[in-house]
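Below is model_32.txt, holding compact mmCIF, C-alpha atoms.
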# COMPACT_ATOMS: atom_id res chain seq x y z
CA MET A 219 -103.57 -233.59 79.57
CA PRO A 220 -105.34 -230.58 78.09
CA GLU A 221 -103.62 -228.99 75.11
CA GLY A 222 -103.02 -225.72 77.03
CA ASP A 223 -101.16 -227.54 79.85
CA LYS A 224 -99.01 -229.34 77.32
CA GLU A 225 -98.05 -226.01 75.80
CA LEU A 226 -97.32 -224.49 79.22
CA LYS A 227 -95.21 -227.43 80.27
CA SER A 228 -93.39 -227.39 77.01
CA ALA A 229 -92.55 -223.69 77.42
CA PHE A 230 -91.42 -224.34 80.98
CA ASP A 231 -89.25 -227.26 79.84
CA ILE A 232 -87.64 -225.06 77.25
CA ALA A 233 -86.87 -222.41 79.88
CA MET A 234 -85.39 -225.03 82.20
CA GLU A 235 -83.26 -226.52 79.46
CA ARG A 236 -82.03 -223.09 78.57
CA ALA A 237 -81.15 -222.28 82.18
CA GLN A 238 -79.24 -225.55 82.45
CA LYS A 239 -77.42 -224.84 79.23
CA LEU A 240 -76.46 -221.38 80.46
CA GLY A 241 -74.88 -222.94 83.51
CA GLY A 242 -72.62 -224.87 81.19
CA LEU A 243 -71.88 -221.99 78.83
CA SER A 244 -68.62 -220.12 78.57
CA ALA A 245 -68.50 -216.44 79.47
CA GLU A 246 -68.21 -215.60 75.77
CA ASP A 247 -71.33 -217.63 74.93
CA LYS A 248 -73.25 -215.99 77.76
CA ARG A 249 -72.21 -212.56 76.50
CA ARG A 250 -73.28 -213.46 72.95
CA LEU A 251 -76.67 -214.73 74.12
CA LYS A 252 -77.23 -211.60 76.14
CA GLU A 253 -76.32 -209.45 73.10
CA GLU A 254 -78.85 -211.39 71.02
CA GLU A 255 -81.53 -210.81 73.62
CA LEU A 256 -80.74 -207.11 73.81
CA ALA A 257 -80.81 -206.86 70.02
CA GLU A 258 -84.32 -208.34 70.05
CA VAL A 259 -85.41 -205.91 72.77
CA GLY A 260 -83.96 -202.97 70.80
CA GLN A 261 -85.81 -204.02 67.66
CA ALA A 262 -89.07 -204.54 69.54
CA LEU A 263 -88.72 -201.11 71.09
CA GLY A 264 -88.06 -199.63 67.65
CA LYS A 265 -91.23 -201.26 66.30
CA ARG A 266 -93.27 -199.90 69.20
CA TYR A 267 -91.77 -196.44 68.67
CA LEU A 268 -92.75 -196.48 65.00
CA SER A 269 -96.25 -197.59 66.02
CA GLY A 270 -96.60 -194.43 68.08
CA LEU A 271 -94.89 -195.02 71.45
CA PRO A 272 -93.76 -191.55 72.63
CA ILE A 273 -90.02 -190.99 73.02
CA ARG A 274 -90.41 -190.40 76.77
CA ASP A 275 -91.94 -193.88 77.08
CA VAL A 276 -89.05 -195.32 75.08
CA GLU A 277 -86.77 -193.70 77.67
CA LEU A 278 -88.80 -195.29 80.48
CA GLU A 279 -88.48 -198.71 78.84
CA LEU A 280 -84.74 -198.23 78.36
CA GLY A 281 -84.45 -197.19 82.01
CA LYS A 282 -85.62 -200.65 83.06
CA TYR A 283 -82.45 -202.11 81.58
CA LYS A 284 -80.15 -199.94 83.77
CA GLU A 285 -76.53 -200.65 82.78
CA ASP A 286 -77.65 -202.33 79.53
CA ARG A 287 -79.33 -199.12 78.40
CA GLN A 288 -76.25 -198.00 76.45
CA ILE A 289 -76.00 -201.39 74.73
CA LEU A 290 -79.69 -201.30 73.76
CA ILE A 291 -79.64 -197.85 72.15
CA PRO A 292 -77.47 -198.80 69.14
CA TYR A 293 -79.78 -201.76 68.41
CA LEU A 294 -82.81 -199.49 68.62
CA LEU A 295 -81.21 -196.89 66.31
CA SER A 296 -79.90 -199.50 63.91
CA PHE A 297 -83.43 -200.88 63.54
CA LEU A 298 -84.82 -197.39 62.91
CA VAL A 299 -82.10 -196.46 60.40
CA ASP A 300 -82.85 -199.66 58.46
CA LYS A 301 -86.45 -198.54 58.15
CA ILE A 302 -85.56 -195.29 56.35
CA ASN A 303 -86.48 -195.65 52.69
CA LEU A 304 -87.46 -193.53 49.70
CA ILE A 305 -90.73 -195.24 48.85
CA ASP A 306 -92.44 -194.70 52.16
CA PRO A 307 -90.84 -191.67 53.82
CA ASP A 308 -93.70 -191.14 56.28
CA ASP A 309 -91.73 -192.52 59.24
CA VAL A 310 -88.62 -190.48 58.51
CA GLU A 311 -89.49 -187.53 60.73
CA ARG A 312 -90.09 -189.81 63.70
CA ILE A 313 -86.88 -191.70 63.02
CA VAL A 314 -84.94 -188.44 62.74
CA GLU A 315 -86.41 -187.35 66.07
CA ALA A 316 -85.22 -190.57 67.72
CA ILE A 317 -81.75 -190.36 66.19
CA ARG A 318 -81.43 -186.75 67.31
CA HIS A 319 -82.56 -187.72 70.81
CA PHE A 320 -80.35 -190.75 71.30
CA SER A 321 -77.24 -189.81 69.31
CA LYS A 322 -75.31 -186.67 68.41
CA ARG A 323 -75.03 -186.89 64.62
CA PRO A 324 -77.26 -184.11 63.27
CA LYS A 325 -75.21 -183.65 60.07
CA VAL A 326 -75.83 -187.23 58.97
CA ILE A 327 -79.51 -186.86 59.79
CA GLU A 328 -79.76 -183.67 57.72
CA GLY A 329 -78.03 -185.52 54.87
CA ILE A 330 -80.71 -188.21 54.91
CA ARG A 331 -83.47 -185.65 54.95
CA ASP A 332 -81.86 -183.79 52.01
CA ILE A 333 -81.64 -186.96 49.91
CA ILE A 334 -85.29 -187.79 50.53
CA ASN A 335 -86.35 -184.24 49.64
CA GLU A 336 -84.17 -184.22 46.50
CA TYR A 337 -85.60 -187.57 45.46
CA GLN A 338 -89.18 -186.35 45.84
CA ILE A 339 -88.42 -183.21 43.81
CA ALA A 340 -86.65 -185.23 41.08
CA VAL A 341 -89.59 -187.66 40.86
CA GLU A 342 -92.10 -184.82 40.60
CA GLN A 343 -90.05 -183.04 37.91
CA ALA A 344 -89.71 -186.23 35.89
CA ARG A 345 -93.41 -186.92 36.28
CA GLN A 346 -94.29 -183.46 34.99
CA GLU A 347 -91.91 -183.73 32.03
CA ILE A 348 -93.24 -187.13 30.99
CA GLN A 349 -96.82 -186.03 31.61
CA SER A 350 -96.33 -183.07 29.31
CA GLU A 351 -94.52 -185.01 26.53
CA LEU A 352 -96.47 -188.24 26.66
CA GLY A 353 -99.72 -186.63 27.81
CA ALA A 354 -100.18 -184.73 24.53
CA VAL A 355 -99.63 -187.88 22.46
CA ARG A 356 -101.97 -189.93 24.66
CA ARG A 357 -104.61 -187.20 24.54
CA LYS A 358 -104.62 -187.40 20.72
CA GLU A 359 -104.88 -191.19 20.84
CA LEU A 360 -107.83 -190.97 23.21
CA ALA A 361 -109.53 -188.35 21.01
CA ARG A 362 -109.20 -190.70 18.03
CA LYS A 363 -111.07 -193.30 20.08
CA GLY A 364 -113.77 -190.72 20.80
CA ILE A 365 -112.74 -189.80 24.35
CA SER A 366 -112.05 -186.13 25.00
CA GLY A 367 -112.96 -183.10 27.10
CA SER A 368 -111.65 -181.11 30.02
CA ALA A 369 -112.34 -184.01 32.42
CA VAL A 370 -109.86 -186.27 30.63
CA GLU A 371 -106.30 -186.52 31.88
CA PRO A 372 -104.11 -189.22 30.36
CA ALA A 373 -102.46 -191.41 32.98
CA ILE A 374 -98.78 -192.09 32.59
CA GLY A 375 -98.27 -194.24 35.68
CA ALA A 376 -98.29 -197.54 33.79
CA SER A 377 -96.35 -196.30 30.71
CA PRO A 378 -92.96 -197.90 29.97
CA GLU A 379 -91.40 -194.41 29.85
CA TRP A 380 -92.49 -193.60 33.38
CA LEU A 381 -91.66 -197.03 34.78
CA GLU A 382 -88.12 -196.83 33.36
CA THR A 383 -87.51 -193.28 34.59
CA SER A 384 -88.92 -193.87 38.06
CA GLN A 385 -86.89 -197.07 38.45
CA HIS A 386 -83.71 -195.25 37.39
CA LEU A 387 -84.33 -192.43 39.90
CA LEU A 388 -85.10 -194.87 42.68
CA SER A 389 -81.93 -196.84 42.10
CA GLU A 390 -79.76 -193.68 41.90
CA TYR A 391 -81.12 -192.16 45.11
CA GLN A 392 -81.23 -195.49 46.93
CA LYS A 393 -77.46 -195.78 46.47
CA ARG A 394 -76.93 -192.29 47.87
CA LEU A 395 -79.25 -192.99 50.79
CA GLU A 396 -77.50 -196.23 51.71
CA GLY A 397 -74.13 -194.44 51.56
CA THR A 398 -75.37 -191.74 53.92
CA LYS A 399 -77.05 -194.23 56.25
CA SER A 400 -73.92 -196.35 56.75
CA PRO A 401 -72.25 -194.09 59.40
CA LEU A 402 -75.52 -194.23 61.34
CA GLN A 403 -75.47 -198.02 61.39
CA ALA A 404 -72.43 -197.77 63.63
CA LEU A 405 -73.98 -195.35 66.12
CA MET B 241 -131.83 -204.16 30.10
CA LYS B 242 -132.41 -201.12 27.95
CA LEU B 243 -133.08 -198.02 30.01
CA VAL B 244 -133.45 -195.15 27.57
CA SER B 245 -131.96 -194.36 24.11
CA SER B 246 -128.49 -195.96 24.15
CA PHE B 247 -128.31 -196.40 27.93
CA TYR B 248 -128.47 -199.89 29.45
CA ALA B 249 -128.62 -201.08 33.06
CA TYR B 250 -127.27 -204.41 34.35
CA LEU B 251 -128.51 -204.65 37.89
CA TRP B 252 -126.97 -207.12 40.31
CA PRO B 253 -129.78 -209.13 41.98
CA GLY B 254 -130.44 -207.99 45.51
CA VAL B 255 -133.88 -206.42 45.76
CA THR B 256 -135.12 -209.17 48.06
CA MET B 257 -133.36 -210.61 51.11
CA GLN B 258 -133.30 -214.04 49.42
CA GLU B 259 -131.52 -212.55 46.41
CA MET B 260 -129.04 -210.72 48.62
CA MET B 261 -128.19 -213.96 50.45
CA LYS B 262 -127.89 -216.01 47.28
CA TYR B 263 -126.03 -213.59 45.04
CA GLY B 264 -123.81 -211.78 47.53
CA ASN B 265 -122.24 -208.41 46.82
CA ASN B 266 -121.54 -206.88 43.43
CA CYS B 267 -122.36 -203.52 41.91
CA ASN B 268 -124.84 -202.51 39.25
CA SER B 269 -123.21 -201.86 35.88
CA TYR B 270 -124.36 -199.35 33.30
CA LEU B 271 -123.54 -199.17 29.62
CA VAL B 272 -123.76 -196.52 26.93
CA ALA B 273 -123.90 -198.36 23.63
CA ASN B 274 -122.02 -197.25 20.50
CA ALA B 275 -120.83 -194.10 22.25
CA LEU B 276 -117.26 -194.12 20.94
CA SER B 277 -115.48 -194.29 17.58
CA GLY B 278 -115.99 -197.67 15.89
CA ASN B 279 -119.30 -198.13 17.74
CA LYS B 280 -117.48 -199.04 20.94
CA HIS B 281 -119.39 -198.96 24.21
CA VAL B 282 -118.77 -197.19 27.50
CA LEU B 283 -119.16 -199.39 30.58
CA VAL B 284 -119.57 -197.72 33.96
CA ASP B 285 -118.58 -199.87 36.98
CA PRO B 286 -117.91 -203.35 35.60
CA GLY B 287 -118.23 -205.04 39.01
CA GLN B 288 -116.25 -208.07 40.08
CA VAL B 289 -115.08 -211.13 38.19
CA VAL B 290 -116.16 -213.49 40.99
CA ASN B 291 -117.59 -212.33 44.31
CA GLU B 292 -117.46 -213.60 47.90
CA THR B 293 -120.28 -216.09 47.33
CA ARG B 294 -118.41 -217.45 44.27
CA GLN B 295 -120.95 -215.93 41.90
CA LYS B 296 -119.47 -215.41 38.44
CA CYS B 297 -120.33 -211.74 38.21
CA LEU B 298 -118.48 -210.97 35.00
CA ASP B 299 -119.93 -214.02 33.21
CA ARG B 300 -123.38 -212.84 34.24
CA LEU B 301 -122.71 -209.32 32.92
CA ILE B 302 -121.48 -210.71 29.60
CA SER B 303 -124.54 -212.95 29.32
CA GLU B 304 -126.95 -210.10 30.16
CA MET B 305 -125.27 -207.87 27.61
CA LYS B 306 -125.63 -210.59 24.97
CA LYS B 307 -129.39 -210.61 25.52
CA ASP B 308 -129.33 -206.95 24.43
CA GLY B 309 -127.14 -207.75 21.42
CA LEU B 310 -124.05 -206.18 23.00
CA LYS B 311 -120.60 -207.79 23.21
CA ILE B 312 -118.02 -207.31 25.93
CA GLU B 313 -115.35 -207.25 23.17
CA ASP B 314 -116.90 -204.00 21.95
CA VAL B 315 -116.36 -202.11 25.18
CA GLY B 316 -113.98 -199.23 24.44
CA LEU B 317 -113.97 -197.41 27.75
CA ILE B 318 -114.47 -198.57 31.33
CA ILE B 319 -115.29 -195.81 33.81
CA ASN B 320 -114.92 -196.68 37.48
CA THR B 321 -116.82 -194.41 39.85
CA HIS B 322 -114.49 -195.37 42.68
CA ALA B 323 -111.73 -197.76 43.68
CA HIS B 324 -113.66 -200.36 45.63
CA PRO B 325 -113.21 -203.85 44.22
CA ASP B 326 -116.94 -204.58 43.97
CA HIS B 327 -117.03 -201.78 41.38
CA TYR B 328 -113.71 -201.81 39.52
CA GLY B 329 -112.70 -205.47 40.05
CA ALA B 330 -113.27 -206.75 36.50
CA SER B 331 -111.63 -203.75 34.76
CA GLU B 332 -108.36 -205.43 33.84
CA GLU B 333 -110.11 -208.67 32.81
CA ILE B 334 -112.41 -206.76 30.44
CA ARG B 335 -109.41 -204.82 29.11
CA LYS B 336 -107.87 -208.18 28.14
CA MET B 337 -111.06 -209.16 26.29
CA SER B 338 -111.67 -205.86 24.54
CA GLY B 339 -108.59 -203.62 24.68
CA ALA B 340 -110.75 -201.03 26.45
CA GLN B 341 -109.30 -197.94 28.07
CA VAL B 342 -109.65 -197.92 31.85
CA ALA B 343 -110.59 -194.71 33.69
CA ILE B 344 -110.95 -193.72 37.32
CA GLY B 345 -111.13 -190.45 39.25
CA LYS B 346 -107.71 -188.86 39.58
CA GLU B 347 -108.10 -188.17 43.30
CA GLU B 348 -109.30 -191.73 43.83
CA ASN B 349 -106.22 -193.19 42.19
CA GLU B 350 -103.92 -190.97 44.26
CA PHE B 351 -105.70 -192.07 47.40
CA LEU B 352 -105.47 -195.69 46.33
CA GLN B 353 -101.70 -195.35 45.88
CA LEU B 354 -101.21 -193.58 49.20
CA ALA B 355 -103.51 -195.75 51.26
CA SER B 356 -103.11 -199.05 49.47
CA GLY B 357 -101.84 -200.81 52.57
CA GLU B 358 -104.50 -199.55 54.94
CA MET B 359 -107.25 -199.76 52.34
CA SER B 360 -106.20 -203.22 51.27
CA GLN B 361 -106.19 -204.53 54.84
CA ALA B 362 -109.49 -202.91 55.79
CA LEU B 363 -111.23 -204.26 52.72
CA LYS B 364 -109.64 -207.67 53.09
CA SER B 365 -111.10 -207.87 56.60
CA MET B 366 -114.52 -207.28 55.00
CA GLY B 367 -113.97 -210.13 52.57
CA PHE B 368 -112.75 -208.07 49.60
CA GLU B 369 -109.59 -208.72 47.66
CA MET B 370 -107.97 -205.79 45.88
CA PRO B 371 -107.56 -206.64 42.17
CA GLU B 372 -105.00 -204.73 40.11
CA ILE B 373 -105.98 -201.65 38.18
CA HIS B 374 -103.76 -199.68 35.79
CA PRO B 375 -105.72 -196.66 34.60
CA ASP B 376 -105.10 -195.31 31.09
CA LEU B 377 -106.78 -192.06 31.97
CA TYR B 378 -108.00 -190.16 34.98
CA LEU B 379 -111.26 -188.29 35.17
CA THR B 380 -111.40 -185.00 36.98
CA GLU B 381 -114.24 -182.57 37.45
CA GLY B 382 -115.18 -181.26 34.00
CA GLU B 383 -116.66 -182.14 30.64
CA LEU B 384 -116.39 -185.61 29.14
CA ARG B 385 -117.09 -185.79 25.40
CA LEU B 386 -117.74 -189.21 23.96
CA GLY B 387 -117.89 -189.84 20.21
CA LYS B 388 -119.60 -187.15 18.20
CA ASP B 389 -122.73 -186.51 20.19
CA LEU B 390 -122.51 -187.44 23.82
CA VAL B 391 -121.54 -184.95 26.48
CA ALA B 392 -121.32 -185.82 30.16
CA GLN B 393 -120.16 -183.97 33.23
CA VAL B 394 -117.76 -185.64 35.59
CA ILE B 395 -118.57 -184.54 39.13
CA LEU B 396 -116.39 -185.20 42.13
CA ILE B 397 -118.63 -186.64 44.88
CA PRO B 398 -116.43 -187.62 47.84
CA GLY B 399 -117.93 -189.21 50.94
CA HIS B 400 -118.17 -192.94 50.32
CA SER B 401 -114.58 -192.70 49.11
CA ASP B 402 -112.14 -189.82 48.79
CA GLY B 403 -112.10 -189.44 45.00
CA HIS B 404 -115.49 -190.88 44.08
CA ILE B 405 -116.89 -189.54 40.80
CA GLY B 406 -120.38 -189.34 39.40
CA ILE B 407 -121.31 -189.05 35.72
CA TYR B 408 -124.13 -186.70 34.79
CA TRP B 409 -125.66 -186.73 31.32
CA PRO B 410 -127.56 -183.40 31.16
CA LYS B 411 -129.31 -184.01 27.82
CA GLU B 412 -130.59 -187.42 28.91
CA LYS B 413 -131.05 -186.28 32.56
CA ILE B 414 -129.24 -189.36 33.82
CA PHE B 415 -126.96 -189.47 36.82
CA MET B 416 -124.68 -192.43 37.51
CA GLY B 417 -123.74 -192.03 41.14
CA GLY B 418 -121.90 -195.20 42.16
CA ASP B 419 -122.25 -195.53 45.92
CA LEU B 420 -123.35 -191.96 46.69
CA VAL B 421 -127.00 -192.82 47.27
CA PHE B 422 -129.31 -195.81 46.96
CA ALA B 423 -133.09 -196.04 47.25
CA ASP B 424 -133.79 -194.59 50.72
CA SER B 425 -130.17 -194.98 51.74
CA THR B 426 -126.60 -193.80 51.17
CA GLY B 427 -123.14 -195.26 50.69
CA ARG B 428 -121.32 -196.18 53.88
CA VAL B 429 -118.66 -193.84 55.20
CA ASP B 430 -116.73 -196.15 57.54
CA ILE B 431 -114.28 -197.42 54.90
CA PRO B 432 -110.85 -195.70 54.67
CA GLY B 433 -111.31 -192.49 52.71
CA GLY B 434 -114.94 -192.17 53.74
CA SER B 435 -116.38 -189.00 55.26
CA ALA B 436 -119.92 -188.33 56.47
CA GLU B 437 -119.63 -184.57 56.02
CA ALA B 438 -118.26 -184.94 52.50
CA LEU B 439 -121.03 -187.40 51.63
CA LYS B 440 -123.72 -184.99 52.83
CA SER B 441 -122.22 -182.13 50.78
CA SER B 442 -121.97 -184.34 47.70
CA ILE B 443 -125.59 -185.47 48.07
CA GLU B 444 -126.80 -181.87 48.42
CA ARG B 445 -124.87 -180.92 45.31
CA ILE B 446 -126.34 -183.76 43.24
CA ALA B 447 -129.86 -183.13 44.60
CA LYS B 448 -129.81 -179.78 42.75
CA LEU B 449 -129.34 -181.44 39.34
CA ASP B 450 -132.19 -182.03 36.91
CA ILE B 451 -132.37 -185.85 37.00
CA GLU B 452 -134.95 -188.24 35.53
CA TYR B 453 -132.92 -191.44 36.03
CA LEU B 454 -130.86 -191.88 39.14
CA LEU B 455 -128.65 -194.91 38.60
CA THR B 456 -127.33 -196.28 41.88
CA GLY B 457 -124.45 -198.63 42.59
CA HIS B 458 -126.40 -201.37 44.39
CA GLN B 459 -129.83 -202.82 44.95
CA TYR B 460 -129.57 -203.25 48.68
CA GLY B 461 -133.11 -204.41 49.25
CA SER B 462 -134.51 -201.77 46.92
CA PRO B 463 -134.51 -200.94 43.21
CA GLY B 464 -131.17 -199.87 41.70
CA VAL B 465 -132.72 -197.40 39.25
CA ILE B 466 -134.86 -194.59 40.62
CA LYS B 467 -137.04 -193.11 37.88
CA GLY B 468 -138.86 -189.81 37.68
CA LYS B 469 -138.09 -186.37 39.10
CA ASP B 470 -140.66 -186.62 41.88
CA GLU B 471 -139.48 -190.03 43.06
CA ILE B 472 -135.84 -188.85 42.98
CA LYS B 473 -136.74 -185.73 44.94
CA ARG B 474 -138.60 -187.88 47.48
CA ASN B 475 -135.56 -190.15 47.75
CA PHE B 476 -133.26 -187.22 48.59
CA GLU B 477 -135.78 -185.98 51.16
CA VAL B 478 -135.95 -189.41 52.84
CA ILE B 479 -132.16 -189.53 52.96
CA ARG B 480 -131.95 -186.03 54.49
CA ARG B 481 -134.58 -186.86 57.07
CA SER B 482 -133.76 -190.47 57.95
CA ILE B 483 -130.08 -191.01 57.15
CA PHE B 484 -128.29 -187.68 57.63
CA PRO B 485 -128.85 -187.56 61.41
CA TYR B 486 -127.09 -190.91 61.79
CA LEU B 487 -124.10 -190.25 59.53

Just dump the structure as structure tokens.
Amino acid sequence: MPEGDKELKSAFDIAMERAQKLGGLSAEDKRRLKEEELAEVGQALGKRYLSGLPIRDVELELGKYKEDRQILIPYLLSFLVDKINLIDPDDVERIVEAIRHFSKRPKVIEGIRDIINEYQIAVEQARQEIQSELGAVRRKELARKGISGSAVEPAIGASPEWLETSQHLLSEYQKRLEGTKSPLQAL
Amino acid sequence: MKLVSSFYAYLWPGVTMQEMMKYGNNCNSYLVANALSGNKHVLVDPGQVVNETRQKCLDRLISEMKKDGLKIEDVGLIINTHAHPDHYGASEEIRKMSGAQVAIGKEENEFLQLASGEMSQALKSMGFEMPEIHPDLYLTEGELRLGKDLVAQVILIPGHSDGHIGIYWPKEKIFMGGDLVFADSTGRVDIPGGSAEALKSSIERIAKLDIEYLLTGHQYGSPGVIKGKDEIKRNFEVIRRSIFPYL
């Protein structure tokens, strides 16, 4: 038997086994399995949304699930809320748009946005302070080695001072972000 | 190979098709000997440690330098024209051997941080790995003074990459351009951060400089060092005529 047929048959067998099992499952088990499937669909839809699927197309996809639509939405939003982070805030605006569209919690959303903005300002301030303090010292060190001029700008990104400060800021704001996100997890 | 005064060129083989096939991809490296305090050298574009054809690029550079009486341990500053691994790849390895300071264009480093995922994936698909780089200093457009006597101009030349820099030595009339131009050709613009319009502007800007030695980043089937004002002028004209319409 060709390898492809074996794979097809195997997939078919699995589906048949599953259908047989479902026949023997309790109502509670069936409900749990369905929830698991819907959770997977919600996550997949969330991934597609973050990859650029327009919100109207998300609505169309949700529409295919009719009465399960309302069960799917929390899984979709939960996936999106999990993706909000301080390091890579590029997706935040899209996530906020989805949360605003599918739920009615604008205050929480504004809170998340505020924390991300505050974090970015705090990081920039810290960077400037360290750049100014450490930069002057590093500039002198470089000049002693024979490297100077208006083109030279000491880099602080790999300095222990910057690594410690940036880690501290990240940890502080991450805690605040997680605290603000938690009500959204239960949307 | 000594070029002029304290300037040396270490060209990666690739003038003939046979050489290109055998040696694979790596950049040309250039060195300014005894430029810094303590007679330390400046190395521009160290190239890779090992390339895609398993050539030991760094070992070759070290061996070529030895022939000129220069040691890798005496490198005090590594300048990377841009953040492509075939140019900056060996930076951290040479830092370990020499304690050298590592420099890159400020805009290039910012781009590298922002686009590391996309850049990394795109370059990986072309067979490049992205080695680590932790710059000690950034270079922005302006004057670079080295030791007591040497003065260079750092010029931002985006196009092949977003924050690509070139180093112009006005007294010596030398321009180190990384992947801006080659003999009868230009750097590619289809890598993340590349821009045809920016490349054209950068080339026009550099074409106005008084250059006797145009030091290119690769020998893609043609010499890596273009010598003489007339030949350099001809090279820019060929690029304008034959390459610009297709960028």

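Ranking A:Asp275, A:Glu351, A:Glu359, A:Glu396 by their shortest atom-to-atom distance to chain B, with all atoms listed in the file included, puts A:Glu359 first.
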
Could you give me, as CSV, every chain B residue with an atom at most 9 Å from chain A, plus its closest atom pair and distance in Å to one decimal, counting all atoms listed in the file, rows ordered by chain then number?
residue,atom,partner,partner_atom,distance
B:Ala275,CA,A:Gly364,CA,8.0
B:Leu276,CA,A:Gly364,CA,4.9
B:Ser277,CA,A:Gly364,CA,5.1
B:Gly278,CA,A:Lys363,CA,7.8
B:Lys280,CA,A:Lys363,CA,8.6
B:Gly316,CA,A:Lys363,CA,7.9
B:Leu317,CA,A:Ile365,CA,8.4
B:Gln341,CA,A:Leu360,CA,8.6
B:Ala343,CA,A:Ala373,CA,8.8
B:Lys346,CA,A:Glu371,CA,8.2
B:His374,CA,A:Ala376,CA,6.2
B:Pro375,CA,A:Ala373,CA,6.4
B:Asp376,CA,A:Ala373,CA,5.1
B:Leu377,CA,A:Pro372,CA,4.2
B:Tyr378,CA,A:Glu371,CA,5.1
B:Leu379,CA,A:Val370,CA,5.2
B:Thr380,CA,A:Ala369,CA,4.8
B:Glu381,CA,A:Ala369,CA,5.6
B:Gly382,CA,A:Ala369,CA,4.3
B:Glu383,CA,A:Ala369,CA,5.0
B:Leu384,CA,A:Gly367,CA,4.7
B:Arg385,CA,A:Ser366,CA,5.1
B:Leu386,CA,A:Ile365,CA,5.0
B:Gly387,CA,A:Gly364,CA,4.3
B:Lys388,CA,A:Gly364,CA,7.3
B:Val391,CA,A:Gly367,CA,8.8
B:Gln393,CA,A:Ala369,CA,7.9
B:Val394,CA,A:Ala369,CA,6.5

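Separating atom CA of A:Glu254 from atom CA of A:Ile273 is a distance of 23.3 Å.
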
In Å, how far is it from atom CA of A:Lys399 to atom CA of A:Ser296?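 About the pair atom CA of A:Lys399 and atom CA of A:Ser296: they are 9.7 Å apart.
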
For stretch 437-439 of chain B, please output as an MDAnalysis selection string all residues within 6 Å (counting all atoms listed in the file; exclusion window: fewer than 2 positions along the same chain). chainID B and resid 398:399 435 441:442
